[in-house]
$ cat work.pdb   # PDB, C-alpha atoms
ATOM      1  CA  MET A   4      13.435   2.719 -22.485
ATOM      2  CA  LYS A   5      11.627   1.971 -25.682
ATOM      3  CA  THR A   6      10.451  -1.508 -24.702
ATOM      4  CA  ARG A   7       9.485  -0.387 -21.232
ATOM      5  CA  TRP A   8       6.893   2.019 -22.592
ATOM      6  CA  THR A   9       5.345  -0.133 -25.312
ATOM      7  CA  TRP A  10       2.679  -1.492 -22.940
ATOM      8  CA  PHE A  11       1.675   2.089 -22.164
ATOM      9  CA  HIS A  12       1.178   2.949 -25.815
ATOM     10  CA  LYS A  13      -0.577  -0.352 -26.433
ATOM     11  CA  LEU A  14      -2.929   0.520 -23.602
ATOM     12  CA  GLY A  15      -3.782   3.688 -25.457
ATOM     13  CA  SER A  16      -4.662   1.749 -28.592
ATOM     14  CA  PRO A  17      -8.456   1.287 -28.748
ATOM     15  CA  LYS A  18      -8.182  -2.007 -30.615
ATOM     16  CA  TRP A  19      -5.854  -3.530 -28.042
ATOM     17  CA  PHE A  20      -8.046  -2.245 -25.223
ATOM     18  CA  TYR A  21     -11.141  -3.745 -26.838
ATOM     19  CA  ALA A  22      -9.531  -7.188 -27.123
ATOM     20  CA  ILE A  23      -8.154  -7.247 -23.564
ATOM     21  CA  SER A  24     -11.309  -5.848 -21.960
ATOM     22  CA  GLY A  25     -13.385  -8.469 -23.759
ATOM     23  CA  ARG A  26     -11.433 -11.157 -21.941
ATOM     24  CA  LEU A  27     -11.415  -9.309 -18.606
ATOM     25  CA  LEU A  28     -15.124  -8.426 -18.529
ATOM     26  CA  PRO A  29     -16.557 -11.935 -17.847
ATOM     27  CA  VAL A  30     -13.973 -12.594 -15.125
ATOM     28  CA  LEU A  31     -14.810  -9.348 -13.331
ATOM     29  CA  SER A  32     -18.563  -9.900 -13.701
ATOM     30  CA  VAL A  33     -18.449 -13.377 -12.178
ATOM     31  CA  ALA A  34     -16.151 -12.226  -9.371
ATOM     32  CA  ALA A  35     -18.436  -9.267  -8.610
ATOM     33  CA  GLY A  36     -21.557 -11.451  -8.555
ATOM     34  CA  LEU A  37     -20.030 -14.067  -6.259
ATOM     35  CA  LEU A  38     -18.362 -11.604  -3.871
ATOM     36  CA  LEU A  39     -21.509  -9.472  -3.534
ATOM     37  CA  LEU A  40     -23.794 -12.476  -3.054
ATOM     38  CA  VAL A  41     -21.625 -14.166  -0.419
ATOM     39  CA  GLY A  42     -20.775 -10.878   1.332
ATOM     40  CA  MET A  43     -24.384  -9.671   1.498
ATOM     41  CA  VAL A  44     -25.869 -12.995   2.660
ATOM     42  CA  TRP A  45     -23.108 -13.349   5.239
ATOM     43  CA  GLY A  46     -23.540  -9.773   6.419
ATOM     44  CA  LEU A  47     -27.334  -9.932   6.557
ATOM     45  CA  ALA A  48     -27.904 -13.354   8.065
ATOM     46  CA  PHE A  49     -24.747 -14.651   9.727
ATOM     47  CA  ALA A  50     -22.759 -11.726  11.120
ATOM     48  CA  PRO A  51     -23.448 -11.065  14.817
ATOM     49  CA  GLN A  52     -25.461  -7.955  15.609
ATOM     50  CA  ASP A  53     -23.858  -4.804  16.962
ATOM     51  CA  TYR A  54     -24.104  -4.403  20.731
ATOM     52  CA  GLN A  55     -25.163  -0.752  20.400
ATOM     53  CA  GLN A  56     -26.872  -0.419  17.029
ATOM     54  CA  GLY A  57     -28.540  -3.830  16.863
ATOM     55  CA  ASN A  58     -29.317  -4.955  13.338
ATOM     56  CA  SER A  59     -29.332  -1.545  11.658
ATOM     57  CA  PHE A  60     -25.524  -1.758  11.470
ATOM     58  CA  ARG A  61     -25.930  -4.331   8.671
ATOM     59  CA  ILE A  62     -26.337  -1.387   6.311
ATOM     60  CA  ILE A  63     -22.551  -1.004   6.707
ATOM     61  CA  TYR A  64     -22.046  -3.846   4.189
ATOM     62  CA  ILE A  65     -23.363  -1.679   1.370
ATOM     63  CA  HIS A  66     -22.824   1.838   2.711
ATOM     64  CA  VAL A  67     -19.058   1.630   3.294
ATOM     65  CA  PRO A  68     -18.200  -0.088  -0.036
ATOM     66  CA  ALA A  69     -20.342   2.431  -1.953
ATOM     67  CA  ALA A  70     -18.658   5.352  -0.195
ATOM     68  CA  MET A  71     -15.152   3.904  -0.699
ATOM     69  CA  LEU A  72     -15.867   3.315  -4.367
ATOM     70  CA  ALA A  73     -17.349   6.798  -4.825
ATOM     71  CA  GLN A  74     -14.076   8.327  -3.614
ATOM     72  CA  SER A  75     -11.732   5.905  -5.413
ATOM     73  CA  CYS A  76     -13.664   6.489  -8.616
ATOM     74  CA  TYR A  77     -13.115  10.240  -8.303
ATOM     75  CA  VAL A  78      -9.378   9.735  -7.767
ATOM     76  CA  MET A  79      -9.423   7.555 -10.888
ATOM     77  CA  LEU A  80     -11.100  10.381 -12.811
ATOM     78  CA  ALA A  81      -8.344  12.753 -11.728
ATOM     79  CA  VAL A  82      -5.622  10.261 -12.731
ATOM     80  CA  ALA A  83      -7.329   9.749 -16.088
ATOM     81  CA  GLY A  84      -7.494  13.539 -16.411
ATOM     82  CA  VAL A  85      -3.731  13.874 -15.844
ATOM     83  CA  VAL A  86      -2.966  11.040 -18.277
ATOM     84  CA  GLY A  87      -5.251  12.611 -20.874
ATOM     85  CA  LEU A  88      -3.754  16.088 -20.496
ATOM     86  CA  VAL A  89      -0.094  15.033 -20.354
ATOM     87  CA  TRP A  90       0.052  12.155 -22.822
ATOM     88  CA  LYS A  91      -2.995  13.055 -24.952
ATOM     89  CA  MET A  92      -4.231   9.511 -24.561
ATOM     90  CA  LYS A  93      -7.716   9.253 -26.025
ATOM     91  CA  LEU A  94      -8.659   6.256 -23.907
ATOM     92  CA  ALA A  95      -8.129   8.326 -20.767
ATOM     93  CA  ASP A  96     -10.988  10.599 -21.792
ATOM     94  CA  VAL A  97     -13.152   7.565 -22.588
ATOM     95  CA  ALA A  98     -12.433   6.224 -19.093
ATOM     96  CA  LEU A  99     -13.163   9.610 -17.503
ATOM     97  CA  GLN A 100     -16.484  10.079 -19.284
ATOM     98  CA  CYS A 101     -17.597   6.495 -18.659
ATOM     99  CA  ALA A 102     -16.619   6.357 -14.978
ATOM    100  CA  ALA A 103     -18.278   9.638 -13.952
ATOM    101  CA  PRO A 104     -21.909   8.379 -14.055
ATOM    102  CA  ILE A 105     -20.969   5.221 -12.112
ATOM    103  CA  GLY A 106     -19.222   7.355  -9.500
ATOM    104  CA  ALA A 107     -22.268   9.609  -9.245
ATOM    105  CA  TRP A 108     -24.510   6.576  -8.715
ATOM    106  CA  MET A 109     -22.196   5.249  -5.994
ATOM    107  CA  THR A 110     -22.080   8.625  -4.218
ATOM    108  CA  ALA A 111     -25.877   8.825  -4.318
ATOM    109  CA  LEU A 112     -26.102   5.252  -3.012
ATOM    110  CA  ALA A 113     -23.724   6.064  -0.143
ATOM    111  CA  LEU A 114     -25.774   9.164   0.744
ATOM    112  CA  VAL A 115     -29.132   7.335   0.609
ATOM    113  CA  THR A 116     -27.988   4.268   2.560
ATOM    114  CA  GLY A 117     -26.286   6.640   5.017
ATOM    115  CA  ALA A 118     -29.554   8.533   5.508
ATOM    116  CA  VAL A 119     -31.467   5.291   6.042
ATOM    117  CA  TRP A 120     -28.825   4.215   8.561
ATOM    118  CA  GLY A 121     -28.762   7.628  10.246
ATOM    119  CA  LYS A 122     -32.484   7.643  11.015
ATOM    120  CA  PRO A 123     -32.466   4.760  13.534
ATOM    121  CA  THR A 124     -28.918   5.518  14.773
ATOM    122  CA  TRP A 125     -28.802   9.329  15.095
ATOM    123  CA  GLY A 126     -32.560   9.952  14.962
ATOM    124  CA  SER A 127     -32.255  12.036  11.800
ATOM    125  CA  TRP A 128     -32.124  11.392   8.060
ATOM    126  CA  TRP A 129     -29.678  14.191   7.420
ATOM    127  CA  VAL A 130     -27.354  16.435   9.441
ATOM    128  CA  TRP A 131     -25.083  19.145   8.019
ATOM    129  CA  ASP A 132     -22.065  17.332   9.308
ATOM    130  CA  ALA A 133     -18.612  17.598   7.705
ATOM    131  CA  ARG A 134     -18.570  14.065   6.294
ATOM    132  CA  LEU A 135     -22.088  14.233   4.869
ATOM    133  CA  THR A 136     -21.639  17.707   3.424
ATOM    134  CA  SER A 137     -18.329  16.875   1.734
ATOM    135  CA  MET A 138     -19.922  13.750   0.248
ATOM    136  CA  LEU A 139     -22.756  15.909  -1.111
ATOM    137  CA  ILE A 140     -20.141  18.179  -2.705
ATOM    138  CA  LEU A 141     -18.587  15.085  -4.293
ATOM    139  CA  LEU A 142     -21.972  14.267  -5.841
ATOM    140  CA  PHE A 143     -22.191  17.799  -7.278
ATOM    141  CA  LEU A 144     -18.644  17.495  -8.656
ATOM    142  CA  TYR A 145     -19.687  14.325 -10.468
ATOM    143  CA  PHE A 146     -22.785  16.092 -11.825
ATOM    144  CA  GLY A 147     -20.547  18.963 -12.946
ATOM    145  CA  ILE A 148     -18.219  16.643 -14.864
ATOM    146  CA  ILE A 149     -21.131  14.812 -16.505
ATOM    147  CA  ALA A 150     -22.841  18.069 -17.487
ATOM    148  CA  LEU A 151     -19.592  19.587 -18.774
ATOM    149  CA  GLY A 152     -18.877  16.512 -20.873
ATOM    150  CA  GLN A 153     -22.322  16.690 -22.447
ATOM    151  CA  ALA A 154     -22.419  20.456 -22.913
ATOM    152  CA  ILE A 155     -19.249  20.746 -25.026
ATOM    153  CA  SER A 156     -19.685  19.068 -28.386
ATOM    154  CA  ASN A 157     -16.048  19.373 -29.479
ATOM    155  CA  ARG A 158     -14.465  16.217 -28.133
ATOM    156  CA  ASP A 159     -10.980  17.620 -27.518
ATOM    157  CA  SER A 160     -12.163  20.689 -25.619
ATOM    158  CA  SER A 161     -14.672  18.659 -23.622
ATOM    159  CA  ALA A 162     -11.916  16.197 -22.681
ATOM    160  CA  LYS A 163      -9.673  19.045 -21.553
ATOM    161  CA  ALA A 164     -12.399  20.791 -19.540
ATOM    162  CA  CYS A 165     -13.508  17.583 -17.805
ATOM    163  CA  ALA A 166      -9.910  16.631 -17.021
ATOM    164  CA  VAL A 167      -9.251  20.019 -15.412
ATOM    165  CA  LEU A 168     -12.458  19.879 -13.345
ATOM    166  CA  ALA A 169     -11.637  16.315 -12.227
ATOM    167  CA  ILE A 170      -8.118  17.337 -11.159
ATOM    168  CA  VAL A 171      -9.251  20.470  -9.317
ATOM    169  CA  GLY A 172     -12.075  18.621  -7.564
ATOM    170  CA  VAL A 173      -9.759  15.972  -6.174
ATOM    171  CA  VAL A 174      -8.970  18.395  -3.313
ATOM    172  CA  ASN A 175     -12.343  17.325  -1.893
ATOM    173  CA  ILE A 176     -11.181  13.724  -1.419
ATOM    174  CA  PRO A 177      -8.790  14.298   1.533
ATOM    175  CA  ILE A 178     -11.444  16.581   3.015
ATOM    176  CA  ILE A 179     -13.937  13.695   2.946
ATOM    177  CA  LYS A 180     -11.349  11.263   4.275
ATOM    178  CA  TYR A 181     -10.200  13.376   7.232
ATOM    179  CA  SER A 182     -13.516  15.146   7.918
ATOM    180  CA  VAL A 183     -14.218  12.726  10.765
ATOM    181  CA  GLU A 184     -10.902  13.595  12.410
ATOM    182  CA  TRP A 185     -10.642  17.346  11.735
ATOM    183  CA  TRP A 186     -14.123  18.301  12.869
ATOM    184  CA  ASN A 187     -16.470  17.106  15.568
ATOM    185  CA  THR A 188     -18.907  14.966  13.671
ATOM    186  CA  LEU A 189     -21.671  12.502  14.325
ATOM    187  CA  HIS A 190     -20.178  10.208  11.717
ATOM    188  CA  GLN A 191     -18.067   7.382  13.050
ATOM    189  CA  GLY A 192     -14.411   6.965  12.071
ATOM    190  CA  ALA A 193     -12.959   4.712   9.421
ATOM    191  CA  THR A 194     -13.783   1.009   9.611
ATOM    192  CA  PHE A 195     -10.698  -0.128   7.734
ATOM    193  CA  THR A 196      -7.242   1.393   8.020
ATOM    194  CA  LEU A 197      -4.045   0.029   6.557
ATOM    195  CA  THR A 198      -2.111   0.273   9.787
ATOM    196  CA  GLU A 199      -4.479  -1.031  12.447
ATOM    197  CA  LYS A 200      -6.632  -4.066  12.956
ATOM    198  CA  PRO A 201     -10.377  -3.383  12.657
ATOM    199  CA  ALA A 202     -12.098  -2.761  15.993
ATOM    200  CA  MET A 203     -14.745  -5.365  15.208
ATOM    201  CA  PRO A 204     -14.539  -9.180  15.279
ATOM    202  CA  ALA A 205     -13.567 -11.029  12.103
ATOM    203  CA  GLU A 206     -17.064 -12.388  11.453
ATOM    204  CA  MET A 207     -18.228  -8.769  11.264
ATOM    205  CA  TRP A 208     -15.509  -7.269   9.034
ATOM    206  CA  LEU A 209     -14.880 -10.218   6.721
ATOM    207  CA  PRO A 210     -18.262  -9.840   4.954
ATOM    208  CA  LEU A 211     -17.477  -6.126   4.624
ATOM    209  CA  LEU A 212     -14.176  -6.973   2.943
ATOM    210  CA  LEU A 213     -16.055  -9.265   0.534
ATOM    211  CA  THR A 214     -18.719  -6.710  -0.402
ATOM    212  CA  ALA A 215     -16.051  -4.003  -0.756
ATOM    213  CA  LEU A 216     -14.050  -6.188  -3.168
ATOM    214  CA  GLY A 217     -17.324  -7.078  -4.886
ATOM    215  CA  PHE A 218     -18.149  -3.391  -5.414
ATOM    216  CA  TYR A 219     -14.709  -2.775  -6.938
ATOM    217  CA  CYS A 220     -15.092  -5.740  -9.307
ATOM    218  CA  PHE A 221     -18.590  -4.523 -10.158
ATOM    219  CA  PHE A 222     -17.205  -1.067 -10.937
ATOM    220  CA  GLY A 223     -14.501  -2.589 -13.125
ATOM    221  CA  ALA A 224     -17.013  -4.678 -15.068
ATOM    222  CA  VAL A 225     -19.523  -1.853 -15.615
ATOM    223  CA  LEU A 226     -16.757   0.601 -16.516
ATOM    224  CA  LEU A 227     -15.288  -1.785 -19.107
ATOM    225  CA  ALA A 228     -18.745  -2.450 -20.584
ATOM    226  CA  ARG A 229     -19.380   1.303 -20.942
ATOM    227  CA  MET A 230     -15.891   1.988 -22.317
ATOM    228  CA  ARG A 231     -16.159  -0.774 -24.917
ATOM    229  CA  LEU A 232     -19.330   0.747 -26.336
ATOM    230  CA  GLU A 233     -17.812   4.241 -26.300
ATOM    231  CA  VAL A 234     -14.707   2.944 -28.125
ATOM    232  CA  LEU A 235     -16.921   1.372 -30.802
ATOM    233  CA  ARG A 236     -18.746   4.695 -31.213
ATOM    234  CA  ARG A 237     -15.611   6.846 -31.407
ATOM    235  CA  GLU A 238     -13.667   4.516 -33.691
ATOM    236  CA  ALA A 239     -16.681   3.768 -35.911
ATOM    237  CA  ARG A 240     -14.643   4.419 -39.058
ATOM    238  CA  ALA A 241     -11.860   1.946 -38.249
ATOM    239  CA  SER A 242     -12.028  -1.341 -40.128
ATOM    240  CA  TRP A 243     -11.699  -3.531 -37.009
ATOM    241  CA  VAL A 244     -14.743  -1.759 -35.514
ATOM    242  CA  LYS A 245     -16.774  -2.434 -38.644
ATOM    243  CA  ASP A 246     -15.812  -6.119 -38.438
ATOM    244  CA  GLU A 247     -16.700  -6.212 -34.757
ATOM    245  CA  VAL A 248     -20.098  -4.544 -35.339
ATOM    246  CA  LEU A 249     -20.888  -6.907 -38.214
ATOM    247  CA  LYS A 250     -19.935  -9.924 -36.115
ATOM    248  CA  ASN A 251     -22.255  -8.752 -33.320
ATOM    249  CA  LEU A 252     -25.039  -7.845 -35.749
ATOM    250  CA  GLY A 253     -25.059 -11.446 -36.933
ATOM    251  CA  ARG A 254     -25.464 -12.569 -33.370
ATOM    252  CA  GLU A 255     -28.289 -10.069 -32.786
ATOM    253  CA  ALA A 256     -30.114 -11.121 -35.966
ATOM    254  CA  LEU A 257     -29.967 -14.789 -34.973
ATOM    255  CA  ARG A 258     -31.791 -14.046 -31.723
TER     256      ARG A 258
ATOM    257  CA  MET B  22     -27.218 -18.108  11.279
ATOM    258  CA  ASN B  23     -27.521 -15.228  13.693
ATOM    259  CA  PHE B  24     -31.328 -15.383  13.782
ATOM    260  CA  ALA B  25     -33.538 -18.044  15.406
ATOM    261  CA  SER B  26     -36.262 -17.942  12.739
ATOM    262  CA  PHE B  27     -37.068 -16.445   9.366
ATOM    263  CA  SER B  28     -39.600 -14.021  10.815
ATOM    264  CA  GLU B  29     -36.882 -12.697  13.136
ATOM    265  CA  PHE B  30     -34.569 -12.389  10.131
ATOM    266  CA  PHE B  31     -37.117 -10.272   8.274
ATOM    267  CA  ALA B  32     -37.871  -8.170  11.355
ATOM    268  CA  MET B  33     -34.147  -7.346  11.965
ATOM    269  CA  GLY B  34     -34.929  -6.362  15.570
ATOM    270  CA  GLN B  35     -36.902  -3.144  15.079
ATOM    271  CA  HIS B  36     -34.839  -2.099  12.097
ATOM    272  CA  GLY B  37     -36.306  -4.288   9.355
ATOM    273  CA  LEU B  38     -37.705  -1.365   7.387
ATOM    274  CA  TYR B  39     -34.355   0.463   7.385
ATOM    275  CA  VAL B  40     -32.143  -2.516   6.603
ATOM    276  CA  TRP B  41     -34.348  -3.908   3.834
ATOM    277  CA  SER B  42     -35.018  -0.560   2.196
ATOM    278  CA  ALA B  43     -31.273   0.193   2.153
ATOM    279  CA  TYR B  44     -30.525  -3.172   0.534
ATOM    280  CA  GLY B  45     -33.441  -2.704  -1.867
ATOM    281  CA  VAL B  46     -32.107   0.672  -3.008
ATOM    282  CA  CYS B  47     -28.625  -0.831  -3.346
ATOM    283  CA  LEU B  48     -29.773  -3.701  -5.560
ATOM    284  CA  LEU B  49     -31.845  -1.287  -7.642
ATOM    285  CA  VAL B  50     -28.835   0.994  -8.217
ATOM    286  CA  LEU B  51     -26.618  -1.984  -9.110
ATOM    287  CA  ALA B  52     -29.276  -3.288 -11.532
ATOM    288  CA  VAL B  53     -29.617   0.116 -13.223
ATOM    289  CA  ASN B  54     -25.834   0.289 -13.658
ATOM    290  CA  VAL B  55     -25.721  -3.171 -15.240
ATOM    291  CA  ALA B  56     -28.717  -2.554 -17.498
ATOM    292  CA  ALA B  57     -27.531   0.833 -18.813
ATOM    293  CA  PRO B  58     -24.476  -0.353 -20.834
ATOM    294  CA  VAL B  59     -26.179  -3.596 -21.930
ATOM    295  CA  LEU B  60     -29.215  -1.766 -23.330
ATOM    296  CA  ALA B  61     -27.082   1.010 -24.829
ATOM    297  CA  ARG B  62     -24.948  -1.564 -26.660
ATOM    298  CA  ARG B  63     -28.022  -3.327 -28.048
ATOM    299  CA  ARG B  64     -29.520  -0.004 -29.194
ATOM    300  CA  TYR B  65     -26.238   0.990 -30.852
ATOM    301  CA  LEU B  66     -25.965  -2.301 -32.750
ATOM    302  CA  GLN B  67     -29.579  -2.002 -33.944
ATOM    303  CA  GLU B  68     -28.880   1.535 -35.181
ATOM    304  CA  GLU B  69     -25.811   0.294 -37.006
ATOM    305  CA  ALA B  70     -27.818  -2.516 -38.592
ATOM    306  CA  ARG B  71     -30.405  -0.008 -39.841
ATOM    307  CA  ARG B  72     -27.655   2.258 -41.200
ATOM    308  CA  LEU B  73     -25.940  -0.611 -43.015
ATOM    309  CA  ARG B  74     -29.210  -1.757 -44.580
ATOM    310  CA  ARG B  75     -29.973   1.790 -45.732
ATOM    311  CA  GLU B  76     -26.513   2.171 -47.221
ATOM    312  CA  SER B  77     -26.636  -1.161 -49.039
ATOM    313  CA  LYS B  78     -29.982  -0.187 -50.628
ATOM    314  CA  SER B  79     -28.842   3.149 -52.028
TER     315      SER B  79
END
$ encode --input "work.pdb" --output "structure tokens"
Amino acid sequence: MKTRWTWFHKLGSPKWFYAISGRLLPVLSVAAGLLLLVGMVWGLAFAPQDYQQGNSFRIIYIHVPAAMLAQSCYVMLAVAGVVGLVWKMKLADVALQCAAPIGAWMTALALVTGAVWGKPTWGSWWVWDARLTSMLILLFLYFGIIALGQAISNRDSSAKACAVLAIVGVVNIPIIKYSVEWWNTLHQGATFTLTEKPAMPAEMWLPLLLTALGFYCFFGAVLLARMRLEVLRREARASWVKDEVLKNLGREALR
Amino acid sequence: MNFASFSEFFAMGQHGLYVWSAYGVCLLVLAVNVAAPVLARRRYLQEEARRLRRESKS
């Protein structure tokens, strides 16, 4: 039992996290850049056009990944909240605070690209439809977590409050997911499901798979970059952080 | 390529404005998200440098 849990405690150690994330960050960045580039060029220039929507459907290659990521990111916040509350892991709060702004950006991106797609397809920028409204609520939940984290200056209480809000708000995620099935909506159903083959030809959904993976790698890279800085700030008194800052200061001064 | 010419590619049928503005917004959001931690890290290191210099003087 003891050995099985050592990785978990190591993961909670800021120093260990900093070392591992430093190695992971370049890999994720390169993967994100390549996947997004290939997926977007493929989706924009080479995928066949939709027989009903024409070329406006190409917005799918950014809209769907952004929306998927916005929801996955919120689930991650809730998981980090549980880990932080149950095991008092400090890194969980770092992850929660650092992921929330990225999730908010992704939700906003999904809403904006959805509006731009809705105009030529439905004839309207916005409708108070179940899917769109629940996504808007997700954006407000993100804003709530960000504001709460900034409003409470005591780190432990702010971590607790944000964790609770993240966990409570996760009820919105299944509502978003099933909104297109439970209510009559303008929004089309899911493009990808785990159990069925996509209803579109491979040359249409393959670029979507690439951009979706690219968005997840992008999220991983940006999240790690934010978390690394936050770890340096919070552990400023530790000797390894001082060494790390000095090492980087030398590099900055040489520039 | 799905398009016969570059002008057709930019026109995107009649949806050029929608498609390109959506992709423009997307790239802008991605760029902001990349720039934020990079700039914040640089600012933090500069602050630390100033603090260390101040402390070494006193």
$ interface_residues --input "work.pdb" --of "chain B" --to "chain A" --cutoff "7 Å" --atoms "all atoms listed in the file" --output "PyMOL selection string"
chain B and resi 22-24+33-34+36+39-40+43+47+54-55+58+62+66+70
$ residues_near_point --input "work.pdb" --point "(-2.7, 9.1, -16.1)" --cutoff "12 Å" --atoms "all atoms listed in the file" --output "list in words"
Phe11, Leu14, Gly15, Val78, Met79, Leu80, Ala81, Val82, Ala83, Gly84, Val85, Val86, Gly87, Leu88, Val89, Trp90, Lys91, Met92, Lys93, Leu94, Ala95, Asp96, Ala98, Leu99, Ala166 and Ile170 of chain A
$ closest_residue --input "work.pdb" --among "A:Leu189, A:Ser75, A:Gly147, A:Val171" --to "Trp129 of chain A" --atoms "all atoms listed in the file"
A:Leu189
$ closest_residue --input "work.pdb" --among "A:Leu40, A:Leu27, A:Val173, A:Leu141" --to "Leu48 of chain B" --atoms "all atoms listed in the file"
A:Leu40
$ atom_distance --input "work.pdb" --atom1 "atom CA of Val97 of chain A" --atom2 "atom CA of Pro17 of chain A"
10.0 Å
$ atom_distance --input "work.pdb" --atom1 "atom CA of Leu114 of chain A" --atom2 "atom CA of Val50 of chain B"
12.5 Å
$ atom_distance --input "work.pdb" --atom1 "atom CA of Phe146 of chain A" --atom2 "atom CA of Ala107 of chain A"
7.0 Å
$ residues_around --input "work.pdb" --residues "Pro177 of chain A" --least-positions-apart "2" --cutoff "12 Å" --atoms "all atoms listed in the file" --output "ChimeraX atom specification"
/A:74-75,77-78,134,137-138,141,172-175,179-185
$ residues_near_point --input "work.pdb" --point "(-13.8, -11.8, 4.1)" --cutoff "12 Å" --atoms "all atoms listed in the file" --output "PyMOL selection string"
chain A and resi 38-39+41-43+45-46+50+64+204-217
